[in-house]
Amino acid sequence: MTSQELKQALVNRKPVIFKRVNGDRLEYAYISGIIYRMKNGKLDVSVELMDKSLHSVTIVSPSQVSYLNKEE
């Protein structure tokens with residue numbers, strides 16, 4: 001997701017998919033946060049995903065996140 005898409009997803013709280021490196025696709029309730037950090041002099045962006053039970057979060061790269069497509 002782009003920076004603008006992340007901001008929109010944070011506000012609209014639609015379900016998202018996390019695409020793991022091994023190809024697994026995990027569904028999450030929504031994006032609950034966008035994290036900006038400085039690493040080695042560069043801006044690093046991470047996404048906080050709320051699990052479906054609404055009790056815990058997972059921090060991932062924005063490139064691995066997309067909206068849930070109900071046709072999948």
# chains A, B, ... in the order shown; residues from 1 in each chain; ligands from 1

call {"tool": "residues_around", "arguments": {"residues": "Met50 of chain A", "least_positions_apart": "3", "cutoff": "10 Å", "atoms": "only C-alpha atoms", "output": "list in words"}}
result
Arg13, Pro15, Val16, Glu27, Tyr28, Ala29, Tyr30, Ile31, Ser32, Gly33, Val47, Ser53, Leu54, His55, Ser56, Val57, Thr58 and Ile59 of chain A

call {"tool": "select_by_dssp", "arguments": {"residues": "segment 2-71 of chain A", "states": "alpha helix (DSSP H)", "output": "ChimeraX atom specification"}}
result
/A:3-12

call {"tool": "atom_distance", "arguments": {"atom1": "atom CA of Lys7 of chain A", "atom2": "atom CA of Ser63 of chain A"}}
result
14.0 Å

call {"tool": "atom_distance", "arguments": {"atom1": "atom CA of Lys39 of chain A", "atom2": "atom CA of Asn12 of chain A"}}
result
28.8 Å

call {"tool": "closest_residue", "arguments": {"among": "A:Gly41, A:Lys14, A:Ser46, A:Leu68", "to": "Leu26 of chain A", "atoms": "only C-alpha atoms"}}
result
A:Leu68

call {"tool": "select_by_dssp", "arguments": {"residues": "segment 2-53 of chain A", "states": "strand (DSSP E)", "output": "ChimeraX atom specification"}}
result
/A:16-19,25-28,30-39,42-50

call {"tool": "residues_around", "arguments": {"residues": "Asp44 of chain A", "least_positions_apart": "6", "cutoff": "12 Å", "atoms": "only C-alpha atoms", "output": "PDB file with N, CA and C atoms, in the first residue's frame"}}
result
ATOM      1  N   SER A   3       1.559   5.340   0.876  1.00  0.00           N
ATOM      2  CA  SER A   3       1.367   6.130   2.086  1.00  0.00           C
ATOM      3  C   SER A   3      -0.065   6.661   2.163  1.00  0.00           C
ATOM      4  N   ILE A  34      -0.033   3.346  11.938  1.00  0.00           N
ATOM      5  CA  ILE A  34       1.079   3.501  11.002  1.00  0.00           C
ATOM      6  C   ILE A  34       2.253   4.008  11.830  1.00  0.00           C
ATOM      7  N   ILE A  35       3.375   3.333  11.739  1.00  0.00           N
ATOM      8  CA  ILE A  35       4.538   3.650  12.573  1.00  0.00           C
ATOM      9  C   ILE A  35       5.658   4.200  11.689  1.00  0.00           C
ATOM     10  N   TYR A  36       6.151   5.377  12.050  1.00  0.00           N
ATOM     11  CA  TYR A  36       7.269   5.995  11.335  1.00  0.00           C
ATOM     12  C   TYR A  36       8.474   6.023  12.268  1.00  0.00           C
ATOM     13  N   ARG A  37       9.615   5.486  11.780  1.00  0.00           N
ATOM     14  CA  ARG A  37      10.858   5.479  12.561  1.00  0.00           C
ATOM     15  C   ARG A  37      12.011   5.902  11.662  1.00  0.00           C
ATOM     16  N   MET A  38      13.042   6.445  12.270  1.00  0.00           N
ATOM     17  CA  MET A  38      14.273   6.727  11.539  1.00  0.00           C
ATOM     18  C   MET A  38      15.220   5.549  11.745  1.00  0.00           C
ATOM     19  N   VAL A  60       3.969  -5.124  10.543  1.00  0.00           N
ATOM     20  CA  VAL A  60       4.450  -5.653   9.264  1.00  0.00           C
ATOM     21  C   VAL A  60       4.851  -4.520   8.321  1.00  0.00           C
ATOM     22  N   SER A  61       5.451  -4.903   7.217  1.00  0.00           N
ATOM     23  CA  SER A  61       5.810  -3.955   6.167  1.00  0.00           C
ATOM     24  C   SER A  61       4.564  -3.572   5.365  1.00  0.00           C
ATOM     25  N   PRO A  62       4.419  -2.308   4.998  1.00  0.00           N
ATOM     26  CA  PRO A  62       3.256  -1.896   4.207  1.00  0.00           C
ATOM     27  C   PRO A  62       3.167  -2.599   2.854  1.00  0.00           C
TER      28      PRO A  62
END
